[in-house]
>>> print(open('start-v9.txt').read())   # compact mmCIF, C-alpha atoms and all ligand atoms
# COMPACT_ATOMS: atom_id res chain seq x y z
CA MET A 265 -20.42 27.19 -26.51
CA ASN A 266 -18.99 24.85 -23.87
CA PRO A 267 -18.05 26.96 -20.86
CA TYR A 268 -16.32 23.97 -19.18
CA VAL A 269 -13.20 23.55 -21.28
CA SER A 270 -10.86 22.75 -18.40
CA LEU A 271 -10.94 21.86 -14.73
CA ALA A 272 -10.34 25.48 -13.81
CA ASP A 273 -13.67 26.46 -15.42
CA LEU A 274 -15.75 23.96 -13.44
CA PRO A 275 -17.69 24.69 -10.25
CA LEU A 276 -15.38 22.26 -8.41
CA ARG A 277 -15.27 21.84 -4.65
CA PRO A 278 -12.83 24.54 -3.52
CA GLU A 279 -10.39 22.02 -2.00
CA LEU A 280 -10.07 20.28 -5.40
CA LYS A 281 -9.18 23.46 -7.29
CA GLY A 282 -5.66 23.46 -8.65
CA THR A 283 -5.06 19.78 -7.81
CA GLN A 284 -3.98 17.01 -10.21
CA PRO A 285 -5.14 13.40 -10.40
CA TYR A 286 -2.79 11.19 -8.38
CA GLY A 287 -0.46 8.85 -10.16
CA ALA A 288 3.01 7.87 -11.09
CA PRO A 289 3.75 8.70 -14.72
CA GLN A 290 3.05 5.56 -16.81
CA ILE A 291 5.93 6.03 -19.25
CA ASP A 292 6.82 3.29 -21.72
CA VAL A 293 10.48 2.59 -20.97
CA PRO A 294 12.26 -0.81 -20.89
CA VAL A 295 12.83 -0.87 -17.10
CA ARG A 296 9.94 0.26 -14.90
CA LEU A 297 10.92 0.48 -11.24
CA ASN A 298 8.46 3.13 -10.12
CA THR A 299 5.35 1.52 -8.61
CA ASN A 300 6.70 -1.28 -6.39
CA GLU A 301 4.96 -4.01 -8.35
CA ASN A 302 6.18 -7.57 -8.27
CA PRO A 303 7.94 -7.86 -11.68
CA TYR A 304 7.31 -11.60 -12.05
CA PRO A 305 4.27 -12.58 -14.14
CA PRO A 306 2.01 -15.47 -13.06
CA SER A 307 2.93 -19.05 -13.91
CA GLU A 308 1.21 -21.04 -16.67
CA ALA A 309 -0.72 -22.93 -13.97
CA VAL A 310 -2.14 -19.70 -12.53
CA ILE A 311 -2.95 -18.34 -15.99
CA THR A 312 -4.81 -21.57 -16.84
CA ASP A 313 -6.80 -21.43 -13.61
CA LEU A 314 -7.68 -17.76 -14.19
CA GLN A 315 -8.95 -18.69 -17.65
CA LYS A 316 -11.02 -21.54 -16.21
CA ALA A 317 -12.47 -19.23 -13.56
CA PHE A 318 -13.40 -16.73 -16.23
CA ALA A 319 -15.19 -19.43 -18.25
CA GLN A 320 -17.19 -20.39 -15.13
CA ILE A 321 -18.31 -16.88 -14.22
CA ALA A 322 -19.00 -15.70 -17.76
CA ALA A 323 -22.34 -17.55 -17.89
CA ASP A 324 -23.56 -15.73 -14.73
CA ILE A 325 -22.36 -12.26 -15.58
CA ASN A 326 -26.01 -11.08 -15.85
CA ARG A 327 -26.21 -11.47 -12.05
CA TYR A 328 -24.76 -9.21 -9.37
CA PRO A 329 -21.81 -10.58 -7.41
CA ASP A 330 -21.98 -11.72 -3.77
CA ARG A 331 -22.30 -8.37 -2.02
CA GLU A 332 -20.52 -9.65 1.08
CA ALA A 333 -17.80 -11.58 -0.81
CA ILE A 334 -18.03 -14.32 1.80
CA GLU A 335 -16.06 -17.00 -0.02
CA LEU A 336 -13.24 -14.58 -0.75
CA ARG A 337 -13.21 -13.24 2.81
CA THR A 338 -13.06 -16.81 4.14
CA ALA A 339 -10.07 -17.50 1.87
CA LEU A 340 -8.40 -14.27 3.04
CA ALA A 341 -8.93 -15.19 6.70
CA ASP A 342 -7.37 -18.62 6.04
CA TYR A 343 -4.43 -16.99 4.30
CA LEU A 344 -3.85 -14.54 7.17
CA ASN A 345 -4.04 -17.33 9.74
CA GLN A 346 -1.13 -18.99 7.95
CA GLN A 347 0.87 -15.74 8.25
CA LEU A 348 0.50 -15.68 12.02
CA PRO A 349 2.98 -17.42 14.27
CA SER A 350 1.45 -20.73 15.41
CA THR A 351 1.57 -19.48 19.02
CA SER A 352 -0.82 -16.66 18.19
CA PRO A 353 -4.10 -16.85 20.12
CA SER A 354 -7.00 -16.29 17.76
CA GLY A 355 -7.92 -17.69 14.40
CA LEU A 356 -9.43 -15.14 12.02
CA ILE A 357 -12.73 -15.90 10.28
CA ALA A 358 -14.56 -14.24 7.37
CA GLU A 359 -16.30 -11.80 9.78
CA ASN A 360 -12.88 -10.44 10.79
CA THR A 361 -12.01 -9.52 7.23
CA TRP A 362 -13.12 -7.01 4.63
CA ALA A 363 -12.06 -6.76 0.99
CA ALA A 364 -12.29 -4.08 -1.67
CA ASN A 365 -10.77 -2.91 -4.96
CA GLY A 366 -7.26 -2.45 -3.62
CA SER A 367 -6.30 -1.49 -0.10
CA ASN A 368 -6.75 2.11 -1.19
CA GLU A 369 -10.49 1.43 -1.30
CA VAL A 370 -10.35 -0.40 2.04
CA MET A 371 -8.72 2.64 3.64
CA THR A 372 -11.23 4.94 1.98
CA HIS A 373 -14.02 2.85 3.55
CA LEU A 374 -12.33 3.28 6.95
CA CYS A 375 -12.08 7.06 6.46
CA GLN A 376 -15.68 7.23 5.26
CA ALA A 377 -16.86 5.32 8.31
CA PHE A 378 -14.67 6.85 11.00
CA ALA A 379 -13.32 10.22 9.79
CA GLY A 380 -15.32 13.03 8.12
CA PRO A 381 -16.10 16.70 8.72
CA ASP A 382 -14.68 17.99 12.01
CA ARG A 383 -12.63 14.82 12.41
CA LYS A 384 -8.91 14.32 12.05
CA VAL A 385 -6.78 11.64 10.45
CA LEU A 386 -3.27 11.58 11.87
CA THR A 387 -0.24 10.10 10.16
CA PHE A 388 3.55 10.14 10.30
CA THR A 389 5.32 11.86 7.43
CA PRO A 390 6.96 11.34 5.05
CA THR A 391 4.51 8.57 4.20
CA TYR A 392 2.24 7.24 1.44
CA SER A 393 1.18 10.05 -0.86
CA MET A 394 -2.39 8.72 -1.17
CA TYR A 395 -3.23 9.30 2.51
CA PRO A 396 -3.95 13.03 2.15
CA GLU A 397 -6.23 12.19 -0.78
CA TYR A 398 -8.50 9.81 1.17
CA VAL A 399 -8.62 12.43 3.88
CA ARG A 400 -9.55 15.23 1.49
CA ASN A 401 -12.11 13.07 -0.32
CA THR A 402 -13.84 12.25 2.97
CA HIS A 403 -13.89 15.93 4.02
CA SER A 404 -11.63 15.17 6.98
CA SER A 405 -8.59 17.06 8.20
CA TYR A 406 -5.07 15.72 7.89
CA VAL A 407 -2.62 15.96 10.76
CA ARG A 408 1.03 15.23 9.97
CA VAL A 409 3.50 14.27 12.65
CA ALA A 410 7.10 14.36 11.42
CA ARG A 411 9.06 11.13 11.71
CA GLY A 412 12.43 11.24 13.46
CA ALA A 413 15.75 11.84 11.67
CA ASP A 414 15.93 8.10 10.91
CA TYR A 415 12.39 8.22 9.39
CA ARG A 416 11.05 6.06 12.21
CA ILE A 417 8.12 7.05 14.40
CA ASP A 418 9.21 8.77 17.57
CA LEU A 419 6.85 7.35 20.18
CA LYS A 420 6.99 10.34 22.46
CA SER A 421 5.96 12.81 19.74
CA ALA A 422 3.33 10.33 18.52
CA LEU A 423 1.72 10.12 21.95
CA THR A 424 1.89 13.89 22.43
CA ALA A 425 0.22 14.48 19.06
CA ILE A 426 -2.50 11.91 19.74
CA ALA A 427 -3.26 13.52 23.10
CA GLU A 428 -3.33 16.97 21.51
CA HIS A 429 -5.42 16.20 18.41
CA ASP A 430 -7.54 13.23 19.50
CA PRO A 431 -7.67 11.94 15.87
CA HIS A 432 -10.50 9.59 14.89
CA VAL A 433 -8.14 7.64 12.63
CA VAL A 434 -4.40 7.07 13.03
CA LEU A 435 -2.75 5.72 9.87
CA ILE A 436 0.63 3.99 10.03
CA ALA A 437 2.31 2.38 7.03
CA THR A 438 4.87 -0.26 8.07
CA PRO A 439 7.14 -0.91 6.26
CA ASN A 440 6.55 2.72 5.36
CA ASN A 441 6.31 4.00 1.81
CA PRO A 442 8.51 5.77 0.60
CA THR A 443 11.15 5.27 3.31
CA GLY A 444 10.93 1.47 3.76
CA THR A 445 11.29 1.88 7.51
CA THR A 446 9.43 -0.40 9.92
CA THR A 447 7.47 0.48 13.06
CA ASP A 448 8.02 -2.10 15.80
CA LEU A 449 5.16 -3.87 17.57
CA ASP A 450 5.86 -2.18 20.92
CA THR A 451 5.36 1.23 19.31
CA ILE A 452 2.14 0.06 17.64
CA ARG A 453 0.94 -1.39 20.93
CA ALA A 454 1.61 1.88 22.77
CA ILE A 455 -0.20 3.92 20.10
CA ALA A 456 -3.22 1.58 20.01
CA ALA A 457 -3.39 1.75 23.81
CA ALA A 458 -3.23 5.56 23.77
CA THR A 459 -6.56 6.05 21.99
CA ASP A 460 -9.99 4.44 21.80
CA LYS A 461 -10.30 5.67 18.20
CA ILE A 462 -9.30 3.65 15.13
CA VAL A 463 -5.64 2.76 14.53
CA VAL A 464 -4.92 1.49 11.01
CA ILE A 465 -1.69 -0.39 10.28
CA ASP A 466 -1.05 -0.48 6.54
CA GLU A 467 1.10 -3.59 5.99
CA ALA A 468 1.17 -3.36 2.18
CA TYR A 469 4.84 -4.48 2.17
CA GLN A 470 4.89 -6.78 5.21
CA GLU A 471 5.82 -9.90 3.21
CA PHE A 472 9.07 -8.21 2.13
CA SER A 473 10.11 -7.46 5.69
CA ARG A 474 13.08 -9.25 7.25
CA HIS A 475 10.62 -10.33 9.95
CA PRO A 476 7.23 -10.77 8.28
CA GLU A 477 6.05 -12.73 11.33
CA LEU A 478 6.28 -9.56 13.45
CA THR A 479 2.91 -8.40 12.15
CA ALA A 480 0.28 -6.24 13.85
CA LEU A 481 -2.12 -9.13 13.13
CA SER A 482 -0.77 -10.66 16.34
CA LEU A 483 -2.05 -7.63 18.30
CA LEU A 484 -5.66 -7.90 17.08
CA PRO A 485 -6.85 -9.98 20.07
CA GLU A 486 -5.54 -7.25 22.40
CA PHE A 487 -7.02 -4.20 20.64
CA ALA A 488 -10.63 -3.81 19.47
CA ASN A 489 -9.68 -0.50 17.78
CA LEU A 490 -6.85 -1.94 15.67
CA VAL A 491 -7.13 -2.59 11.92
CA VAL A 492 -4.47 -4.31 9.80
CA VAL A 493 -4.69 -3.57 6.08
CA ARG A 494 -2.99 -5.72 3.45
CA THR A 495 -2.96 -5.90 -0.32
CA MET A 496 -2.54 -8.47 -3.07
CA SER A 497 -0.87 -5.78 -5.24
CA LYS A 498 2.72 -6.05 -4.08
CA ALA A 499 4.32 -9.29 -2.82
CA PHE A 500 1.30 -11.27 -4.04
CA ALA A 501 1.93 -10.18 -7.64
CA PHE A 502 -1.73 -9.36 -8.29
CA ALA A 503 -1.74 -5.57 -8.80
CA GLY A 504 -3.97 -5.77 -11.88
CA GLY A 505 -6.55 -7.84 -9.96
CA ARG A 506 -7.18 -4.89 -7.59
CA VAL A 507 -7.72 -6.60 -4.25
CA GLY A 508 -6.95 -5.17 -0.84
CA TYR A 509 -8.27 -6.36 2.50
CA LEU A 510 -8.24 -5.82 6.22
CA ALA A 511 -8.42 -7.82 9.41
CA ALA A 512 -10.10 -6.38 12.49
CA ASN A 513 -12.76 -6.86 15.06
CA PRO A 514 -16.08 -7.70 13.28
CA ALA A 515 -17.76 -4.46 14.42
CA ILE A 516 -15.21 -2.49 12.35
CA VAL A 517 -16.00 -4.69 9.36
CA ASP A 518 -19.70 -3.88 9.84
CA ALA A 519 -18.85 -0.18 9.68
CA CYS A 520 -17.13 -0.71 6.31
CA ARG A 521 -20.18 -2.62 5.08
CA ILE A 522 -22.31 0.48 5.72
CA VAL A 523 -20.26 2.81 3.53
CA ARG A 524 -19.28 0.51 0.66
CA LEU A 525 -21.01 0.94 -2.67
CA PRO A 526 -23.45 -1.88 -3.46
CA TYR A 527 -21.72 -4.83 -5.13
CA HIS A 528 -18.41 -2.97 -4.99
CA LEU A 529 -16.32 -6.08 -5.67
CA SER A 530 -17.05 -7.57 -9.08
CA THR A 531 -17.62 -11.27 -9.70
CA GLN A 532 -14.37 -11.54 -11.62
CA THR A 533 -12.38 -9.72 -8.94
CA GLN A 534 -13.68 -12.10 -6.28
CA ARG A 535 -13.10 -15.24 -8.33
CA PHE A 536 -9.69 -14.24 -9.66
CA ALA A 537 -8.52 -13.34 -6.17
CA MET A 538 -9.58 -16.79 -4.96
CA VAL A 539 -7.53 -18.35 -7.75
CA GLY A 540 -4.55 -16.28 -6.60
CA LEU A 541 -5.06 -17.32 -2.97
CA ALA A 542 -5.35 -20.98 -3.97
CA HIS A 543 -1.86 -20.59 -5.46
CA ALA A 544 -0.53 -18.46 -2.58
CA GLY A 545 2.77 -20.31 -2.21
CA GLU A 546 3.54 -19.88 -5.85
CA MET A 547 2.32 -16.26 -6.04
CA LEU A 548 4.70 -15.40 -3.19
CA SER A 549 7.57 -17.56 -4.42
CA ASN A 550 9.57 -14.63 -5.81
CA VAL A 551 9.50 -12.59 -2.61
CA ALA A 552 12.88 -13.98 -1.49
CA LYS A 553 14.44 -12.94 -4.82
CA LEU A 554 13.01 -9.43 -4.47
CA ARG A 555 14.32 -9.17 -0.91
CA ALA A 556 17.77 -10.19 -2.17
CA VAL A 557 17.63 -7.50 -4.87
CA ARG A 558 16.59 -4.96 -2.22
CA ASP A 559 19.53 -5.97 -0.02
CA ASP A 560 21.84 -5.75 -3.01
CA MET A 561 20.63 -2.19 -3.67
CA LEU A 562 21.17 -1.26 -0.01
CA THR A 563 24.80 -2.42 -0.33
CA ARG A 564 25.57 -1.05 -3.78
CA LEU A 565 23.96 2.40 -3.69
CA PRO A 566 26.48 3.70 -1.11
CA GLN A 567 29.28 2.32 -3.31
CA LEU A 568 28.12 4.83 -5.95
CA GLY A 569 28.40 7.57 -3.35
CA VAL A 570 24.64 7.73 -2.86
CA GLU A 571 22.83 7.70 0.48
CA VAL A 572 20.13 5.09 1.01
CA ILE A 573 17.61 4.55 3.80
CA ASP A 574 17.62 1.06 5.33
CA SER A 575 14.50 -0.55 3.84
CA ASP A 576 12.35 -3.51 4.82
CA ALA A 577 10.19 -3.22 1.69
CA ASN A 578 10.70 -3.98 -2.02
CA PHE A 579 12.06 -0.50 -2.76
CA CYS A 580 14.75 1.88 -1.57
CA LEU A 581 14.79 5.62 -1.09
CA PHE A 582 18.10 7.03 -2.31
CA GLY A 583 19.62 10.48 -2.61
CA ARG A 584 20.28 13.17 -1.93
CA PHE A 585 20.36 15.11 -5.13
CA ASP A 586 20.41 18.89 -5.50
CA ASP A 587 18.09 18.48 -8.47
CA ARG A 588 16.31 15.15 -8.17
CA HIS A 589 14.07 15.87 -11.15
CA ASP A 590 17.13 16.15 -13.34
CA VAL A 591 18.46 12.78 -12.11
CA TRP A 592 14.99 11.23 -12.61
CA GLU A 593 14.82 12.60 -16.17
CA GLN A 594 18.31 11.39 -17.07
CA LEU A 595 17.46 7.92 -15.76
CA VAL A 596 14.37 7.90 -18.01
CA GLN A 597 16.61 8.86 -20.95
CA ASN A 598 18.73 5.86 -20.01
CA GLY A 599 15.64 3.62 -20.13
CA VAL A 600 14.95 3.35 -16.39
CA LEU A 601 11.86 4.75 -14.70
CA VAL A 602 12.08 5.41 -10.95
CA ARG A 603 9.75 7.45 -8.76
CA GLU A 604 10.12 11.08 -7.88
CA THR A 605 8.54 10.98 -4.46
CA GLY A 606 9.31 11.46 -0.78
CA PRO A 607 11.37 14.16 0.86
CA ASP A 608 13.04 16.68 -1.40
CA GLY A 609 16.29 15.42 -2.88
CA TRP A 610 15.39 11.71 -2.75
CA LEU A 611 14.19 9.22 -5.37
CA ARG A 612 12.58 5.81 -4.88
CA VAL A 613 13.51 2.71 -6.83
CA SER A 614 11.58 -0.58 -6.74
CA ALA A 615 13.34 -3.93 -6.48
CA GLY A 616 12.84 -5.48 -9.92
CA THR A 617 14.39 -8.61 -11.38
CA PRO A 618 18.18 -8.96 -11.04
CA ALA A 619 18.52 -7.90 -14.71
CA GLU A 620 16.42 -4.77 -14.10
CA CYS A 621 18.53 -4.01 -11.05
CA GLU A 622 21.71 -4.21 -13.17
CA ALA A 623 20.13 -1.91 -15.78
CA PHE A 624 19.30 0.55 -13.00
CA PHE A 625 22.85 0.49 -11.63
CA SER A 626 24.52 1.03 -14.97
CA ALA A 627 22.09 3.85 -15.82
CA LEU A 628 22.69 5.49 -12.44
CA ALA A 629 26.47 5.16 -12.76
CA ARG A 630 26.25 6.81 -16.18
CA VAL A 631 24.01 9.63 -14.92
CA LEU A 632 26.28 10.30 -11.95
CA GLY A 633 29.38 10.11 -14.17
CA ARG A 634 30.91 7.25 -12.20
C1 LIG B 1 1.02 0.20 -2.91
C2 LIG B 1 0.50 0.58 -1.58
C3 LIG B 1 -0.76 0.16 -1.18
C4 LIG B 1 -1.57 -0.76 -2.07
O1 LIG B 1 -2.52 -0.18 -2.80
P1 LIG B 1 -3.60 -1.09 -3.55
O2 LIG B 1 -4.76 -0.16 -3.67
O3 LIG B 1 -3.89 -2.27 -2.68
O4 LIG B 1 -2.99 -1.48 -4.86
C5 LIG B 1 -1.21 0.48 0.08
N1 LIG B 1 -0.44 1.18 0.93
C6 LIG B 1 0.78 1.59 0.59
C7 LIG B 1 1.60 2.32 1.59
C8 LIG B 1 1.28 1.32 -0.68
O5 LIG B 1 2.50 1.75 -1.02
>>> encode(input="start-v9.txt", output="structure tokens", more="lines below")
Ligand SMILES: *Cc1c(COP(=O)(O)O)cnc(C)c1O
Amino acid sequence: MNPYVSLADLPLRPELKGTQPYGAPQIDVPVRLNTNENPYPPSEAVITDLQKAFAQIAADINRYPDREAIELRTALADYLNQQLPSTSPSGLIAENTWAANGSNEVMTHLCQAFAGPDRKVLTFTPTYSMYPEYVRNTHSSYVRVARGADYRIDLKSALTAIAEHDPHVVLIATPNNPTGTTTDLDTIRAIAAATDKIVVIDEAYQEFSRHPELTALSLLPEFANLVVVRTMSKAFAFAGGRVGYLAANPAIVDACRIVRLPYHLSTQTQRFAMVGLAHAGEMLSNVAKLRAVRDDMLTRLPQLGVEVIDSDANFCLFGRFDDRHDVWEQLVQNGVLVRETGPDGWLRVSAGTPAECEAFFSALARVLGR
């Protein structure tokens, strides 16, 4: 007889007992606004180049990929250099970058290298719901510092908490998920200066910001302990390709190289990502439309009598509902999937196409009886 019928029967690590695998429900409804993806599919030109790339690598699939992903990291460094204001001092090269299967894996590498037993990872809540999972999986402890009433980081409480806990990793998402709020560069500078440990700035949504040029990338020459993490999953419209990356001082990249699994980035991931980067302008061409939809939501949600947090990302947090699960469920029944996440009483909606946005608004008006 099989004694291991369910998770509860297994000799699991105690901290995993009673937990569930992370993930937004993948429900098949007409309008999916729950995972902050870019809703626009690739162009014919990109699809053709992906097919060509696949034909080229297929004949070598018996071989392991480039373990160091040098060509891809060179392309990523070039891409990031174009994001920096032209006045910025240093050009990034491959050695300043690291890539993995999504920025979630990049941040796991950072936690594996720099956190661990008896070490703390500090972050500012509410924030990305995956952070406690990397921390748990790397046997580290998680320190939460509450954001201010406006969901921004209060510098004074940040500095106090850093002095008190001396965390080995500080994680800051800006624009933050799920609130959409931005942390300004002066605050990041003050935090990076307050510790000699690792400060990670997760800029997954930076391209959607009203000021994408105000990026922590510009602070890298000043701070050897600073890491900027980015992803191709959101603005870049490449979520299925699974590519995230970082920019930092090369010694930090070397630390990630120690903990990564051998050949962690497959041949097809590397080649497909390079196709995406070669079409960067086109891949990012819908960002302005998504920003406009976001701004439209920020204006129209209050008109329905709903509160909304000012967002710099491609989503909005709106509320507050006495029973948010009920609102979520009724929206699903009306064909619209949003995300039940963040502080109690709030829901998060991604900026989709204008048509998806209209579908969301009419569903919400119906649910709220307006
Ligand atoms: C979506 C998201 C990411 C990206 O994850 P990938 O693994 O690169 O797809 C990273 N950070 C935050 C805060 C996010 O919301």
>>> residues_near_ligand(input="start-v9.txt", ligand="ligand LIG 1 (chain B)", cutoff="9 Å", atoms="only C-alpha atoms and all ligand atoms", output="PyMOL selection string")
chain A and resi 299-301+364-371+391-395+436-442+466-469+493-498+502-509
>>> atom_distance(input="start-v9.txt", atom1="CA of Cys621 in chain A", atom2="CA of Glu308 in chain A")
24.9 Å
>>> atom_distance(input="start-v9.txt", atom1="CA of Leu478 in chain A", atom2="CA of Leu554 in chain A")
19.1 Å
>>> atom_distance(input="start-v9.txt", atom1="CA of Asp576 in chain A", atom2="CA of Gly444 in chain A")
5.3 Å
>>> closest_residue(input="start-v9.txt", among="A:Gln376, A:Ser626, A:Ser405, A:Thr443", to="Leu565 in chain A", atoms="all atoms listed in the file")
A:Ser626
>>> closest_residue(input="start-v9.txt", among="A:Ala519, A:Val385, A:Val572, A:Ala422", to="Val407 in chain A", atoms="all atoms listed in the file")
A:Val385
>>> closest_atom_pairs(input="start-v9.txt", of="range 505-578 of chain A", to="range 310-326 of chain A", cutoff="8 Å", atoms="all atoms listed in the file", output="CSV")
residue,atom,partner,partner_atom,distance
A:Thr531,CA,A:Ile321,CA,7.2
A:Gln532,CA,A:Phe318,CA,7.0
A:Arg535,CA,A:Ala317,CA,6.6
A:Phe536,CA,A:Leu314,CA,6.1
A:Val539,CA,A:Leu314,CA,6.5
A:Gly540,CA,A:Val310,CA,7.3
A:His543,CA,A:Val310,CA,7.1
>>> closest_residue(input="start-v9.txt", among="A:Asp559, A:Glu604, A:Glu593, A:Asp518", to="Pro618 in chain A", atoms="only C-alpha atoms")
A:Asp559
>>> residues_around(input="start-v9.txt", residues="range 334-346 of chain A", least_positions_apart="3", cutoff="7 Å", atoms="all atoms listed in the file", output="compact mmCIF listing (two decimals) with C-alpha atoms, in the coordinates of the input")
# COMPACT_ATOMS: atom_id res chain seq x y z
CA GLY A 355 -7.92 -17.69 14.40
CA LEU A 356 -9.43 -15.14 12.02
CA ILE A 357 -12.73 -15.90 10.28
CA ALA A 358 -14.56 -14.24 7.37
CA THR A 361 -12.01 -9.52 7.23
CA TRP A 362 -13.12 -7.01 4.63
CA ALA A 363 -12.06 -6.76 0.99
CA GLN A 534 -13.68 -12.10 -6.28
CA MET A 538 -9.58 -16.79 -4.96
CA LEU A 541 -5.06 -17.32 -2.97
>>> closest_residue(input="start-v9.txt", among="A:His475, A:Arg634, A:His432, A:Lys553", to="Thr447 in chain A", atoms="all atoms listed in the file")
A:His475
>>> build_atoms(input="start-v9.txt", residues="range 446-460 of chain A", atoms="N, CA and C atoms", output="PDB file, keeping the file's coordinate frame")
ATOM      1  N   THR A 446      10.435   0.388   9.214  1.00  0.00           N
ATOM      2  CA  THR A 446       9.430  -0.400   9.920  1.00  0.00           C
ATOM      3  C   THR A 446       9.104   0.242  11.268  1.00  0.00           C
ATOM      4  N   THR A 447       7.859   0.059  11.712  1.00  0.00           N
ATOM      5  CA  THR A 447       7.470   0.480  13.060  1.00  0.00           C
ATOM      6  C   THR A 447       7.333  -0.787  13.906  1.00  0.00           C
ATOM      7  N   ASP A 448       8.045  -0.853  15.038  1.00  0.00           N
ATOM      8  CA  ASP A 448       8.020  -2.100  15.800  1.00  0.00           C
ATOM      9  C   ASP A 448       6.704  -2.288  16.554  1.00  0.00           C
ATOM     10  N   LEU A 449       6.458  -3.535  16.961  1.00  0.00           N
ATOM     11  CA  LEU A 449       5.160  -3.870  17.570  1.00  0.00           C
ATOM     12  C   LEU A 449       4.955  -3.163  18.910  1.00  0.00           C
ATOM     13  N   ASP A 450       6.041  -2.889  19.645  1.00  0.00           N
ATOM     14  CA  ASP A 450       5.860  -2.180  20.920  1.00  0.00           C
ATOM     15  C   ASP A 450       5.341  -0.760  20.682  1.00  0.00           C
ATOM     16  N   THR A 451       5.835  -0.122  19.638  1.00  0.00           N
ATOM     17  CA  THR A 451       5.360   1.230  19.310  1.00  0.00           C
ATOM     18  C   THR A 451       3.888   1.176  18.892  1.00  0.00           C
ATOM     19  N   ILE A 452       3.532   0.191  18.075  1.00  0.00           N
ATOM     20  CA  ILE A 452       2.140   0.060  17.640  1.00  0.00           C
ATOM     21  C   ILE A 452       1.238  -0.214  18.846  1.00  0.00           C
ATOM     22  N   ARG A 453       1.717  -1.070  19.723  1.00  0.00           N
ATOM     23  CA  ARG A 453       0.940  -1.390  20.930  1.00  0.00           C
ATOM     24  C   ARG A 453       0.702  -0.132  21.752  1.00  0.00           C
ATOM     25  N   ALA A 454       1.741   0.673  21.943  1.00  0.00           N
ATOM     26  CA  ALA A 454       1.610   1.880  22.770  1.00  0.00           C
ATOM     27  C   ALA A 454       0.659   2.884  22.115  1.00  0.00           C
ATOM     28  N   ILE A 455       0.694   2.982  20.789  1.00  0.00           N
ATOM     29  CA  ILE A 455      -0.200   3.920  20.100  1.00  0.00           C
ATOM     30  C   ILE A 455      -1.643   3.422  20.176  1.00  0.00           C
ATOM     31  N   ALA A 456      -1.852   2.127  19.957  1.00  0.00           N
ATOM     32  CA  ALA A 456      -3.220   1.580  20.010  1.00  0.00           C
ATOM     33  C   ALA A 456      -3.799   1.710  21.421  1.00  0.00           C
ATOM     34  N   ALA A 457      -2.922   1.642  22.427  1.00  0.00           N
ATOM     35  CA  ALA A 457      -3.390   1.750  23.810  1.00  0.00           C
ATOM     36  C   ALA A 457      -3.680   3.203  24.183  1.00  0.00           C
ATOM     37  N   ALA A 458      -3.118   4.154  23.402  1.00  0.00           N
ATOM     38  CA  ALA A 458      -3.230   5.560  23.770  1.00  0.00           C
ATOM     39  C   ALA A 458      -4.528   6.207  23.284  1.00  0.00           C
ATOM     40  N   THR A 459      -5.324   5.471  22.526  1.00  0.00           N
ATOM     41  CA  THR A 459      -6.560   6.050  21.990  1.00  0.00           C
ATOM     42  C   THR A 459      -7.641   4.975  21.930  1.00  0.00           C
ATOM     43  N   ASP A 460      -8.901   5.404  22.038  1.00  0.00           N
ATOM     44  CA  ASP A 460      -9.990   4.440  21.800  1.00  0.00           C
ATOM     45  C   ASP A 460     -10.533   4.600  20.379  1.00  0.00           C
TER      46      ASP A 460
END
